[in-house]
$ cat upload-v4.txt   # compact mmCIF, N, CA and C atoms and all ligand atoms
# COMPACT_ATOMS: atom_id res chain seq x y z
N MET A 1366 -72.92 -48.62 13.71
CA MET A 1366 -73.03 -47.42 14.54
C MET A 1366 -73.87 -46.39 13.80
N SER A 1367 -74.60 -45.58 14.55
CA SER A 1367 -75.39 -44.52 13.92
C SER A 1367 -74.62 -43.22 14.00
N LEU A 1368 -74.56 -42.55 12.88
CA LEU A 1368 -73.80 -41.31 12.78
C LEU A 1368 -74.75 -40.13 12.64
N PRO A 1369 -74.47 -39.04 13.33
CA PRO A 1369 -75.22 -37.81 13.03
C PRO A 1369 -74.97 -37.42 11.58
N PRO A 1370 -75.87 -36.62 10.98
CA PRO A 1370 -75.67 -36.26 9.57
C PRO A 1370 -74.38 -35.47 9.38
N PRO A 1371 -73.79 -35.56 8.18
CA PRO A 1371 -72.52 -34.88 7.93
C PRO A 1371 -72.56 -33.40 8.28
N GLU A 1372 -73.71 -32.76 8.03
CA GLU A 1372 -73.81 -31.31 8.23
C GLU A 1372 -73.65 -30.91 9.70
N SER A 1373 -73.75 -31.89 10.59
CA SER A 1373 -73.65 -31.54 12.01
C SER A 1373 -72.21 -31.37 12.47
N PHE A 1374 -71.26 -31.68 11.59
CA PHE A 1374 -69.85 -31.55 11.97
C PHE A 1374 -69.24 -30.32 11.33
N PRO A 1375 -68.40 -29.58 12.07
CA PRO A 1375 -67.79 -28.38 11.49
C PRO A 1375 -66.82 -28.73 10.37
N ILE A 1376 -66.69 -27.81 9.44
CA ILE A 1376 -65.77 -27.96 8.31
C ILE A 1376 -64.66 -26.93 8.47
N GLN A 1377 -63.42 -27.38 8.24
CA GLN A 1377 -62.28 -26.45 8.21
C GLN A 1377 -61.39 -26.80 7.02
N THR A 1378 -60.71 -25.78 6.51
CA THR A 1378 -59.82 -26.01 5.38
C THR A 1378 -58.55 -26.71 5.84
N ALA A 1379 -57.84 -27.29 4.87
CA ALA A 1379 -56.56 -27.92 5.19
C ALA A 1379 -55.59 -26.90 5.78
N ASP A 1380 -55.57 -25.69 5.23
CA ASP A 1380 -54.69 -24.65 5.77
C ASP A 1380 -55.02 -24.36 7.23
N TRP A 1381 -56.29 -24.30 7.55
CA TRP A 1381 -56.71 -24.02 8.92
C TRP A 1381 -56.25 -25.14 9.85
N VAL A 1382 -56.42 -26.37 9.38
CA VAL A 1382 -56.01 -27.52 10.20
C VAL A 1382 -54.51 -27.47 10.48
N TRP A 1383 -53.72 -27.11 9.47
CA TRP A 1383 -52.29 -27.02 9.67
C TRP A 1383 -51.95 -25.89 10.63
N GLU A 1384 -52.45 -24.69 10.34
CA GLU A 1384 -52.06 -23.50 11.11
C GLU A 1384 -52.52 -23.57 12.56
N ASN A 1385 -53.71 -24.07 12.78
CA ASN A 1385 -54.31 -23.97 14.11
C ASN A 1385 -54.24 -25.25 14.94
N CYS A 1386 -53.97 -26.36 14.28
CA CYS A 1386 -54.02 -27.64 15.00
C CYS A 1386 -52.68 -28.37 14.92
N LEU A 1387 -52.22 -28.64 13.71
CA LEU A 1387 -51.03 -29.49 13.57
C LEU A 1387 -49.75 -28.73 13.89
N ARG A 1388 -49.58 -27.53 13.35
CA ARG A 1388 -48.33 -26.81 13.58
C ARG A 1388 -48.10 -26.49 15.06
N PRO A 1389 -49.14 -26.06 15.81
CA PRO A 1389 -48.91 -25.81 17.24
C PRO A 1389 -48.49 -27.08 18.00
N VAL A 1390 -48.91 -28.23 17.55
CA VAL A 1390 -48.59 -29.48 18.25
C VAL A 1390 -47.24 -30.04 17.81
N PHE A 1391 -47.03 -30.09 16.51
CA PHE A 1391 -45.83 -30.76 15.98
C PHE A 1391 -44.71 -29.80 15.61
N GLY A 1392 -45.01 -28.53 15.50
CA GLY A 1392 -44.01 -27.57 15.09
C GLY A 1392 -43.61 -27.78 13.64
N THR A 1393 -42.48 -27.16 13.28
CA THR A 1393 -42.01 -27.28 11.90
C THR A 1393 -40.64 -27.92 11.82
N ASP A 1394 -40.08 -28.31 12.99
CA ASP A 1394 -38.74 -28.86 13.05
C ASP A 1394 -38.75 -30.37 12.82
N TRP A 1395 -39.26 -30.78 11.70
CA TRP A 1395 -39.21 -32.20 11.36
C TRP A 1395 -39.21 -32.34 9.85
N ASP A 1396 -38.49 -33.34 9.41
CA ASP A 1396 -38.42 -33.65 7.98
C ASP A 1396 -39.35 -34.81 7.70
N GLY A 1397 -40.22 -34.63 6.78
CA GLY A 1397 -41.14 -35.70 6.47
C GLY A 1397 -42.23 -35.20 5.56
N LEU A 1398 -43.20 -36.02 5.38
CA LEU A 1398 -44.28 -35.69 4.47
C LEU A 1398 -45.53 -35.33 5.25
N LEU A 1399 -45.98 -34.12 5.05
CA LEU A 1399 -47.27 -33.70 5.58
C LEU A 1399 -48.25 -33.74 4.42
N ALA A 1400 -49.11 -34.73 4.43
CA ALA A 1400 -50.02 -34.92 3.31
C ALA A 1400 -51.44 -34.60 3.76
N LEU A 1401 -51.80 -33.33 3.59
CA LEU A 1401 -53.18 -32.92 3.80
C LEU A 1401 -53.82 -32.92 2.42
N VAL A 1402 -54.35 -34.05 2.04
CA VAL A 1402 -54.66 -34.28 0.64
C VAL A 1402 -56.02 -33.71 0.22
N ASP A 1403 -56.82 -33.26 1.16
CA ASP A 1403 -58.11 -32.66 0.81
C ASP A 1403 -58.09 -31.15 1.03
N GLU A 1404 -58.97 -30.45 0.34
CA GLU A 1404 -59.06 -28.99 0.50
C GLU A 1404 -59.68 -28.64 1.84
N TRP A 1405 -60.58 -29.47 2.31
CA TRP A 1405 -61.24 -29.21 3.59
C TRP A 1405 -61.63 -30.54 4.22
N TYR A 1406 -61.90 -30.46 5.51
CA TYR A 1406 -62.23 -31.65 6.28
C TYR A 1406 -63.41 -31.37 7.20
N ARG A 1407 -64.17 -32.40 7.48
CA ARG A 1407 -65.11 -32.32 8.60
C ARG A 1407 -64.39 -32.81 9.84
N LEU A 1408 -64.64 -32.12 10.95
CA LEU A 1408 -63.96 -32.46 12.20
C LEU A 1408 -64.89 -33.30 13.07
N PRO A 1409 -64.51 -34.54 13.36
CA PRO A 1409 -65.38 -35.41 14.15
C PRO A 1409 -65.33 -35.05 15.63
N THR A 1410 -66.38 -35.42 16.32
CA THR A 1410 -66.36 -35.27 17.78
C THR A 1410 -65.62 -36.47 18.39
N ASP A 1411 -65.11 -36.29 19.60
CA ASP A 1411 -64.49 -37.41 20.30
C ASP A 1411 -65.49 -38.55 20.51
N ASP A 1412 -66.76 -38.18 20.75
CA ASP A 1412 -67.78 -39.21 20.99
C ASP A 1412 -67.99 -40.09 19.76
N VAL A 1413 -68.00 -39.48 18.58
CA VAL A 1413 -68.19 -40.25 17.36
C VAL A 1413 -67.00 -41.17 17.11
N VAL A 1414 -65.80 -40.66 17.34
CA VAL A 1414 -64.61 -41.51 17.15
C VAL A 1414 -64.62 -42.65 18.17
N ARG A 1415 -65.00 -42.37 19.40
CA ARG A 1415 -65.05 -43.43 20.41
C ARG A 1415 -66.08 -44.50 20.02
N ALA A 1416 -67.23 -44.07 19.53
CA ALA A 1416 -68.25 -45.04 19.11
C ALA A 1416 -67.73 -45.89 17.97
N PHE A 1417 -67.02 -45.25 17.04
CA PHE A 1417 -66.42 -46.01 15.93
C PHE A 1417 -65.40 -47.02 16.46
N LEU A 1418 -64.53 -46.57 17.35
CA LEU A 1418 -63.49 -47.47 17.88
C LEU A 1418 -64.12 -48.65 18.63
N ASP A 1419 -65.18 -48.37 19.38
CA ASP A 1419 -65.82 -49.45 20.14
C ASP A 1419 -66.45 -50.48 19.21
N ALA A 1420 -66.97 -50.02 18.07
CA ALA A 1420 -67.64 -50.93 17.14
C ALA A 1420 -66.64 -51.67 16.25
N ASP A 1421 -65.50 -51.06 16.01
CA ASP A 1421 -64.51 -51.60 15.07
C ASP A 1421 -63.66 -52.70 15.73
N GLY A 1422 -63.27 -53.69 14.94
CA GLY A 1422 -62.51 -54.81 15.49
C GLY A 1422 -61.03 -54.83 15.14
N THR A 1423 -60.52 -53.73 14.61
CA THR A 1423 -59.09 -53.70 14.24
C THR A 1423 -58.20 -54.04 15.44
N ASP A 1424 -58.58 -53.57 16.62
CA ASP A 1424 -57.76 -53.80 17.80
C ASP A 1424 -57.69 -55.28 18.19
N ARG A 1425 -58.59 -56.08 17.63
CA ARG A 1425 -58.57 -57.51 17.98
C ARG A 1425 -57.81 -58.36 16.96
N LEU A 1426 -57.31 -57.73 15.89
CA LEU A 1426 -56.53 -58.47 14.91
C LEU A 1426 -55.20 -58.91 15.53
N PRO A 1427 -54.70 -60.07 15.15
CA PRO A 1427 -53.44 -60.54 15.73
C PRO A 1427 -52.25 -59.79 15.14
N TRP A 1428 -51.34 -59.41 16.02
CA TRP A 1428 -50.10 -58.76 15.61
C TRP A 1428 -49.12 -59.80 15.10
N GLN A 1429 -48.42 -59.46 14.02
CA GLN A 1429 -47.37 -60.35 13.51
C GLN A 1429 -46.27 -59.48 12.93
N SER A 1430 -45.04 -59.76 13.29
CA SER A 1430 -43.91 -58.94 12.86
C SER A 1430 -43.93 -58.71 11.35
N VAL A 1431 -43.66 -57.50 10.96
CA VAL A 1431 -43.56 -57.05 9.58
C VAL A 1431 -44.90 -57.09 8.85
N VAL A 1432 -45.51 -58.25 8.77
CA VAL A 1432 -46.67 -58.38 7.89
C VAL A 1432 -47.96 -57.84 8.51
N SER A 1433 -48.06 -57.83 9.81
CA SER A 1433 -49.27 -57.34 10.48
C SER A 1433 -48.86 -56.59 11.74
N ASP A 1434 -48.07 -55.54 11.54
CA ASP A 1434 -47.60 -54.77 12.70
C ASP A 1434 -48.16 -53.35 12.67
N CYS A 1435 -47.47 -52.43 13.31
CA CYS A 1435 -48.13 -51.16 13.61
C CYS A 1435 -48.62 -50.41 12.37
N ASP A 1436 -47.84 -50.42 11.30
CA ASP A 1436 -48.28 -49.70 10.10
C ASP A 1436 -49.54 -50.34 9.52
N ASP A 1437 -49.61 -51.67 9.59
CA ASP A 1437 -50.78 -52.35 9.05
C ASP A 1437 -52.02 -52.08 9.89
N PHE A 1438 -51.83 -52.02 11.22
CA PHE A 1438 -52.95 -51.66 12.09
C PHE A 1438 -53.45 -50.24 11.77
N ALA A 1439 -52.51 -49.31 11.60
CA ALA A 1439 -52.91 -47.93 11.33
C ALA A 1439 -53.64 -47.81 10.00
N GLN A 1440 -53.15 -48.53 9.01
CA GLN A 1440 -53.79 -48.49 7.70
C GLN A 1440 -55.17 -49.15 7.74
N ALA A 1441 -55.27 -50.25 8.47
CA ALA A 1441 -56.55 -50.95 8.57
C ALA A 1441 -57.59 -50.09 9.26
N LEU A 1442 -57.18 -49.45 10.37
CA LEU A 1442 -58.15 -48.63 11.09
C LEU A 1442 -58.57 -47.43 10.25
N HIS A 1443 -57.62 -46.82 9.57
CA HIS A 1443 -57.95 -45.69 8.70
C HIS A 1443 -58.95 -46.11 7.62
N GLY A 1444 -58.68 -47.26 6.98
CA GLY A 1444 -59.57 -47.73 5.93
C GLY A 1444 -60.95 -48.07 6.45
N THR A 1445 -61.00 -48.67 7.62
CA THR A 1445 -62.30 -49.03 8.19
C THR A 1445 -63.09 -47.78 8.54
N LEU A 1446 -62.40 -46.77 9.07
CA LEU A 1446 -63.12 -45.53 9.36
C LEU A 1446 -63.66 -44.91 8.08
N GLU A 1447 -62.86 -44.90 7.03
CA GLU A 1447 -63.32 -44.32 5.76
C GLU A 1447 -64.57 -45.06 5.27
N CYS A 1448 -64.56 -46.39 5.37
CA CYS A 1448 -65.72 -47.16 4.91
C CYS A 1448 -66.94 -46.92 5.80
N THR A 1449 -66.71 -46.87 7.11
CA THR A 1449 -67.81 -46.69 8.05
C THR A 1449 -68.42 -45.29 7.93
N CYS A 1450 -67.58 -44.32 7.67
CA CYS A 1450 -68.02 -42.91 7.63
C CYS A 1450 -67.91 -42.37 6.20
N TRP A 1451 -68.21 -43.22 5.25
CA TRP A 1451 -68.10 -42.85 3.82
C TRP A 1451 -68.94 -41.61 3.53
N GLY A 1452 -68.34 -40.63 2.88
CA GLY A 1452 -69.07 -39.42 2.54
C GLY A 1452 -68.95 -38.32 3.57
N TYR A 1453 -68.25 -38.59 4.66
CA TYR A 1453 -68.13 -37.58 5.71
C TYR A 1453 -66.88 -36.73 5.55
N GLY A 1454 -65.79 -37.31 5.09
CA GLY A 1454 -64.55 -36.54 4.94
C GLY A 1454 -63.94 -36.13 6.26
N PHE A 1455 -63.99 -37.02 7.20
CA PHE A 1455 -63.44 -36.69 8.52
C PHE A 1455 -61.94 -36.46 8.46
N CYS A 1456 -61.48 -35.58 9.33
CA CYS A 1456 -60.05 -35.29 9.45
C CYS A 1456 -59.42 -36.38 10.32
N PHE A 1457 -59.24 -37.54 9.73
CA PHE A 1457 -58.76 -38.74 10.43
C PHE A 1457 -57.77 -39.43 9.51
N GLY A 1458 -56.62 -39.77 10.01
CA GLY A 1458 -55.63 -40.40 9.14
C GLY A 1458 -54.57 -41.14 9.91
N GLN A 1459 -53.35 -41.02 9.45
CA GLN A 1459 -52.25 -41.81 10.00
C GLN A 1459 -51.06 -40.91 10.34
N ILE A 1460 -50.33 -41.32 11.37
CA ILE A 1460 -49.07 -40.66 11.72
C ILE A 1460 -48.00 -41.72 11.94
N TYR A 1461 -46.84 -41.47 11.35
CA TYR A 1461 -45.67 -42.34 11.52
C TYR A 1461 -44.59 -41.49 12.14
N TRP A 1462 -43.99 -41.97 13.21
CA TRP A 1462 -42.99 -41.16 13.90
C TRP A 1462 -41.80 -42.01 14.31
N TRP A 1463 -40.71 -41.28 14.64
CA TRP A 1463 -39.45 -41.95 14.98
C TRP A 1463 -38.78 -41.20 16.11
N SER A 1464 -38.16 -41.95 17.03
CA SER A 1464 -37.36 -41.38 18.11
C SER A 1464 -35.92 -41.85 17.95
N ASN A 1465 -35.01 -40.92 17.71
CA ASN A 1465 -33.58 -41.29 17.62
C ASN A 1465 -33.06 -41.78 18.96
N LEU A 1466 -33.46 -41.11 20.05
CA LEU A 1466 -33.00 -41.50 21.38
C LEU A 1466 -33.34 -42.95 21.68
N ASN A 1467 -34.56 -43.31 21.37
CA ASN A 1467 -35.01 -44.67 21.68
C ASN A 1467 -34.75 -45.65 20.55
N GLN A 1468 -34.33 -45.09 19.40
CA GLN A 1468 -34.20 -45.95 18.20
C GLN A 1468 -35.47 -46.79 18.02
N ALA A 1469 -36.58 -46.07 18.09
CA ALA A 1469 -37.87 -46.74 17.97
C ALA A 1469 -38.84 -45.82 17.25
N GLY A 1470 -39.72 -46.42 16.53
CA GLY A 1470 -40.76 -45.65 15.85
C GLY A 1470 -42.08 -46.38 15.97
N HIS A 1471 -43.11 -45.72 15.47
CA HIS A 1471 -44.43 -46.30 15.60
C HIS A 1471 -45.34 -45.69 14.54
N ALA A 1472 -46.33 -46.45 14.18
CA ALA A 1472 -47.39 -45.96 13.30
C ALA A 1472 -48.69 -45.98 14.09
N GLN A 1473 -49.39 -44.88 14.04
CA GLN A 1473 -50.66 -44.76 14.76
C GLN A 1473 -51.63 -43.98 13.89
N ASN A 1474 -52.80 -43.73 14.43
CA ASN A 1474 -53.77 -42.88 13.74
C ASN A 1474 -53.86 -41.55 14.46
N LEU A 1475 -54.31 -40.54 13.75
CA LEU A 1475 -54.56 -39.28 14.40
C LEU A 1475 -55.80 -38.64 13.80
N TYR A 1476 -56.40 -37.78 14.58
CA TYR A 1476 -57.51 -37.00 14.04
C TYR A 1476 -57.53 -35.65 14.73
N VAL A 1477 -58.23 -34.73 14.11
CA VAL A 1477 -58.47 -33.41 14.69
C VAL A 1477 -59.95 -33.33 15.01
N ASN A 1478 -60.25 -33.10 16.28
CA ASN A 1478 -61.66 -33.12 16.67
C ASN A 1478 -62.34 -31.78 16.42
N ASP A 1479 -63.62 -31.72 16.75
CA ASP A 1479 -64.43 -30.54 16.42
C ASP A 1479 -64.02 -29.31 17.22
N ARG A 1480 -63.14 -29.49 18.21
CA ARG A 1480 -62.61 -28.33 18.94
C ARG A 1480 -61.20 -27.99 18.47
N GLY A 1481 -60.75 -28.66 17.41
CA GLY A 1481 -59.44 -28.37 16.85
C GLY A 1481 -58.30 -29.03 17.60
N GLU A 1482 -58.61 -30.01 18.43
CA GLU A 1482 -57.58 -30.70 19.20
C GLU A 1482 -57.08 -31.93 18.45
N VAL A 1483 -55.75 -32.11 18.45
CA VAL A 1483 -55.14 -33.27 17.80
C VAL A 1483 -55.16 -34.44 18.76
N ARG A 1484 -55.72 -35.54 18.31
CA ARG A 1484 -55.75 -36.77 19.11
C ARG A 1484 -54.96 -37.85 18.38
N ILE A 1485 -54.20 -38.61 19.16
CA ILE A 1485 -53.50 -39.77 18.63
C ILE A 1485 -54.27 -41.01 19.05
N VAL A 1486 -54.48 -41.92 18.11
CA VAL A 1486 -55.20 -43.16 18.40
C VAL A 1486 -54.24 -44.33 18.24
N GLU A 1487 -54.22 -45.19 19.23
CA GLU A 1487 -53.44 -46.42 19.14
C GLU A 1487 -54.35 -47.52 18.57
N PRO A 1488 -54.17 -47.88 17.31
CA PRO A 1488 -55.13 -48.80 16.69
C PRO A 1488 -55.07 -50.22 17.22
N GLN A 1489 -54.01 -50.55 17.97
CA GLN A 1489 -53.91 -51.90 18.52
C GLN A 1489 -54.64 -52.04 19.85
N THR A 1490 -55.01 -50.91 20.46
CA THR A 1490 -55.71 -50.96 21.75
C THR A 1490 -56.94 -50.07 21.83
N ASP A 1491 -57.15 -49.20 20.83
CA ASP A 1491 -58.20 -48.19 20.83
C ASP A 1491 -57.95 -47.10 21.86
N GLY A 1492 -56.74 -47.02 22.39
CA GLY A 1492 -56.42 -45.93 23.30
C GLY A 1492 -56.32 -44.60 22.54
N VAL A 1493 -56.78 -43.54 23.18
CA VAL A 1493 -56.70 -42.20 22.59
C VAL A 1493 -55.84 -41.34 23.50
N MET A 1494 -54.90 -40.63 22.90
CA MET A 1494 -53.94 -39.86 23.69
C MET A 1494 -53.58 -38.59 22.94
N SER A 1495 -52.69 -37.81 23.56
CA SER A 1495 -52.20 -36.59 22.92
C SER A 1495 -50.76 -36.82 22.47
N TRP A 1496 -50.26 -35.90 21.65
CA TRP A 1496 -48.86 -35.99 21.24
C TRP A 1496 -47.95 -35.81 22.45
N SER A 1497 -48.39 -35.02 23.42
CA SER A 1497 -47.62 -34.85 24.66
C SER A 1497 -47.42 -36.18 25.38
N ASP A 1498 -48.42 -37.03 25.31
CA ASP A 1498 -48.29 -38.35 25.92
C ASP A 1498 -47.19 -39.16 25.24
N ILE A 1499 -47.10 -39.03 23.92
CA ILE A 1499 -46.02 -39.72 23.19
C ILE A 1499 -44.67 -39.14 23.62
N LEU A 1500 -44.60 -37.80 23.68
CA LEU A 1500 -43.33 -37.14 24.02
C LEU A 1500 -42.89 -37.45 25.45
N SER A 1501 -43.82 -37.76 26.32
CA SER A 1501 -43.45 -38.08 27.70
C SER A 1501 -42.64 -39.38 27.75
N ARG A 1502 -42.83 -40.24 26.79
CA ARG A 1502 -42.06 -41.49 26.73
C ARG A 1502 -40.94 -41.43 25.69
N TYR A 1503 -41.15 -40.63 24.66
CA TYR A 1503 -40.18 -40.51 23.56
C TYR A 1503 -39.94 -39.02 23.32
N PRO A 1504 -39.09 -38.41 24.16
CA PRO A 1504 -39.00 -36.94 24.18
C PRO A 1504 -38.59 -36.31 22.85
N ASP A 1505 -37.85 -37.04 22.04
CA ASP A 1505 -37.39 -36.46 20.77
C ASP A 1505 -38.21 -36.99 19.57
N ALA A 1506 -39.33 -37.62 19.84
CA ALA A 1506 -40.11 -38.17 18.75
C ALA A 1506 -40.52 -37.08 17.76
N LYS A 1507 -40.39 -37.42 16.49
CA LYS A 1507 -40.83 -36.50 15.43
C LYS A 1507 -41.58 -37.29 14.38
N PRO A 1508 -42.65 -36.71 13.86
CA PRO A 1508 -43.34 -37.40 12.78
C PRO A 1508 -42.49 -37.41 11.51
N PHE A 1509 -42.60 -38.46 10.74
CA PHE A 1509 -42.01 -38.42 9.40
C PHE A 1509 -43.06 -38.61 8.31
N LEU A 1510 -44.28 -38.90 8.72
CA LEU A 1510 -45.39 -38.91 7.79
C LEU A 1510 -46.67 -38.63 8.55
N ILE A 1511 -47.39 -37.64 8.08
CA ILE A 1511 -48.75 -37.40 8.56
C ILE A 1511 -49.64 -37.39 7.33
N LEU A 1512 -50.59 -38.28 7.31
CA LEU A 1512 -51.49 -38.42 6.17
C LEU A 1512 -52.92 -38.22 6.65
N LEU A 1513 -53.56 -37.21 6.10
CA LEU A 1513 -54.95 -36.93 6.47
C LEU A 1513 -55.81 -36.82 5.20
CA CA A 1601 -46.02 -53.96 8.34

$ encode --input "upload-v4.txt" --output "structure tokens"
Amino acid sequence: MSLPPPESFPIQTADWVWENCLRPVFGTDWDGLLALVDEWYRLPTDDVVRAFLDADGTDRLPWQSVVSDCDDFAQALHGTLECTCWGYGFCFGQIYWWSNLNQAGHAQNLYVNDRGEVRIVEPQTDGVMSWSDILSRYPDAKPFLILL
């Protein structure tokens, strides 16, 4: 895939990403690890992420319980994006969440786009959604790890 130069993407600090993007979506009522490990991030456009997802084959990997399941898909997609967009520092990572009501959890990817919107990516299908979409099915879902 061809990427626009890094300078074409806006840069925001980790604090800005938390205050303006993550906290409004996820709130503060959850116990877990928020790992914003960089001082600043470049914010990708939805178009660039879509082009990456279309080119990437993580969604075609076979699912297998425990050894190749949701966490492995999320880690694989994150790693592939890092390799594909090496040197960009995109605000793209992983989210792990749990629903007590459903006694179910999931690992997915997330990113913050150039408009400051949080997107959830399903690495097994390349579907892109919002946290509200998750809450519509799992009303009490809360993240327990966000890694960016
Ligand atoms: Ca696993």

$ atom_distance --input "upload-v4.txt" --atom1 "atom CA of A:Leu1513" --atom2 "atom N of A:Ser1501"
22.8 Å

$ closest_residue --input "upload-v4.txt" --among "A:Asp1436, A:Pro1508, A:Val1483, A:Gln1489" --to "A:Leu1387" --atoms "only C-alpha atoms"
A:Val1483

$ closest_residue --input "upload-v4.txt" --among "A:Ser1464, A:Gly1444, A:Glu1482, A:Lys1507" --to "A:Asn1385" --atoms "only C-alpha atoms"
A:Glu1482

$ closest_residue --input "upload-v4.txt" --among "A:Asp1437, A:Asp1403, A:Glu1487, A:Asp1424" --to "ligand CA 1601 (chain A)" --atoms "only C-alpha atoms and all ligand atoms"
A:Asp1437

$ select_by_dssp --input "upload-v4.txt" --residues "stretch 1439-1495 of chain A" --states "alpha helix (DSSP H)" --output "ChimeraX atom specification"
/A:1439-1449

$ closest_residue --input "upload-v4.txt" --among "A:Phe1438, A:Trp1405, A:Trp1463, A:Phe1455" --to "ligand CA 1601 (chain A)" --atoms "all atoms listed in the file"
A:Phe1438

$ residues_near_ligand --input "upload-v4.txt" --ligand "ligand CA 1601 (chain A)" --cutoff "8 Å" --atoms "only N, CA and C atoms and all ligand atoms" --output "PDB file with N, CA and C atoms, in the frame of the given file"
ATOM      1  N   GLN A1429     -48.420 -59.460  14.020  1.00  0.00           N
ATOM      2  CA  GLN A1429     -47.370 -60.350  13.510  1.00  0.00           C
ATOM      3  C   GLN A1429     -46.270 -59.480  12.930  1.00  0.00           C
ATOM      4  N   SER A1430     -45.040 -59.760  13.290  1.00  0.00           N
ATOM      5  CA  SER A1430     -43.910 -58.940  12.860  1.00  0.00           C
ATOM      6  C   SER A1430     -43.930 -58.710  11.350  1.00  0.00           C
ATOM      7  N   VAL A1431     -43.660 -57.500  10.960  1.00  0.00           N
ATOM      8  CA  VAL A1431     -43.560 -57.050   9.580  1.00  0.00           C
ATOM      9  C   VAL A1431     -44.900 -57.090   8.850  1.00  0.00           C
ATOM     10  N   VAL A1432     -45.510 -58.250   8.770  1.00  0.00           N
ATOM     11  CA  VAL A1432     -46.670 -58.380   7.890  1.00  0.00           C
ATOM     12  C   VAL A1432     -47.960 -57.840   8.510  1.00  0.00           C
ATOM     13  N   SER A1433     -48.060 -57.830   9.810  1.00  0.00           N
ATOM     14  CA  SER A1433     -49.270 -57.340  10.480  1.00  0.00           C
ATOM     15  C   SER A1433     -48.860 -56.590  11.740  1.00  0.00           C
ATOM     16  N   ASP A1434     -48.070 -55.540  11.540  1.00  0.00           N
ATOM     17  CA  ASP A1434     -47.600 -54.770  12.700  1.00  0.00           C
ATOM     18  C   ASP A1434     -48.160 -53.350  12.670  1.00  0.00           C
ATOM     19  N   CYS A1435     -47.470 -52.430  13.310  1.00  0.00           N
ATOM     20  CA  CYS A1435     -48.130 -51.160  13.610  1.00  0.00           C
ATOM     21  C   CYS A1435     -48.620 -50.410  12.370  1.00  0.00           C
ATOM     22  N   ASP A1436     -47.840 -50.420  11.300  1.00  0.00           N
ATOM     23  CA  ASP A1436     -48.280 -49.700  10.100  1.00  0.00           C
ATOM     24  C   ASP A1436     -49.540 -50.340   9.520  1.00  0.00           C
ATOM     25  N   ASP A1437     -49.610 -51.670   9.590  1.00  0.00           N
ATOM     26  CA  ASP A1437     -50.780 -52.350   9.050  1.00  0.00           C
ATOM     27  C   ASP A1437     -52.020 -52.080   9.890  1.00  0.00           C
ATOM     28  N   PHE A1438     -51.830 -52.020  11.220  1.00  0.00           N
ATOM     29  CA  PHE A1438     -52.950 -51.660  12.090  1.00  0.00           C
ATOM     30  C   PHE A1438     -53.450 -50.240  11.770  1.00  0.00           C
TER      31      PHE A1438
END

$ closest_residue --input "upload-v4.txt" --among "A:Asp1491, A:Leu1500, A:Tyr1461, A:Arg1388" --to "A:Asp1419" --atoms "only N, CA and C atoms"
A:Asp1491

$ residues_around --input "upload-v4.txt" --residues "A:Ser1495" --least-positions-apart "2" --cutoff "7 Å" --atoms "only C-alpha atoms" --output "list of chain:residue names"
A:Val1483, A:Arg1484, A:Ile1485, A:Ser1497, A:Asp1498, A:Ile1499

$ select_by_dssp --input "upload-v4.txt" --residues "chain A" --states "strand (DSSP E)" --output "PyMOL selection string"
chain A and resi 1376-1378+1398-1400+1405-1407+1457-1464+1469-1477+1483-1487+1492-1494+1507-1512

$ atom_distance --input "upload-v4.txt" --atom1 "atom C of A:Val1402" --atom2 "atom CA of A:Ala1469"
28.5 Å

$ decode --input "upload-v4.txt" --residues "stretch 1405-1433 of chain A" --atoms "C-alpha atoms" --output "mmCIF file, in the first residue's frame"
data_model
loop_
_atom_site.group_PDB
_atom_site.id
_atom_site.type_symbol
_atom_site.label_atom_id
_atom_site.label_comp_id
_atom_site.auth_asym_id
_atom_site.auth_seq_id
_atom_site.Cartn_x
_atom_site.Cartn_y
_atom_site.Cartn_z
ATOM 1 C CA TRP A 1405 2.725 11.709 21.114
ATOM 2 C CA TYR A 1406 1.008 9.977 18.247
ATOM 3 C CA ARG A 1407 0.198 10.583 14.630
ATOM 4 C CA LEU A 1408 -3.506 10.187 13.983
ATOM 5 C CA PRO A 1409 -4.309 8.113 10.892
ATOM 6 C CA THR A 1410 -7.201 8.790 8.568
ATOM 7 C CA ASP A 1411 -9.981 6.223 8.248
ATOM 8 C CA ASP A 1412 -9.010 5.869 4.574
ATOM 9 C CA VAL A 1413 -5.437 4.885 5.414
ATOM 10 C CA VAL A 1414 -6.577 2.342 7.992
ATOM 11 C CA ARG A 1415 -9.097 0.901 5.525
ATOM 12 C CA ALA A 1416 -6.397 0.582 2.850
ATOM 13 C CA PHE A 1417 -4.168 -1.169 5.373
ATOM 14 C CA LEU A 1418 -6.958 -3.552 6.415
ATOM 15 C CA ASP A 1419 -7.784 -4.367 2.797
ATOM 16 C CA ALA A 1420 -4.141 -5.185 2.038
ATOM 17 C CA ASP A 1421 -3.486 -7.102 5.265
ATOM 18 C CA GLY A 1422 -4.285 -10.815 5.557
ATOM 19 C CA THR A 1423 -4.719 -11.168 9.318
ATOM 20 C CA ASP A 1424 -8.465 -11.596 8.855
ATOM 21 C CA ARG A 1425 -7.823 -14.693 6.743
ATOM 22 C CA LEU A 1426 -5.784 -16.518 9.394
ATOM 23 C CA PRO A 1427 -7.541 -19.571 10.839
ATOM 24 C CA TRP A 1428 -9.044 -19.218 14.297
ATOM 25 C CA GLN A 1429 -8.079 -21.841 16.866
ATOM 26 C CA SER A 1430 -9.093 -21.902 20.513
ATOM 27 C CA VAL A 1431 -6.518 -20.452 22.904
ATOM 28 C CA VAL A 1432 -3.544 -20.570 20.573
ATOM 29 C CA SER A 1433 -4.935 -18.481 17.702
#
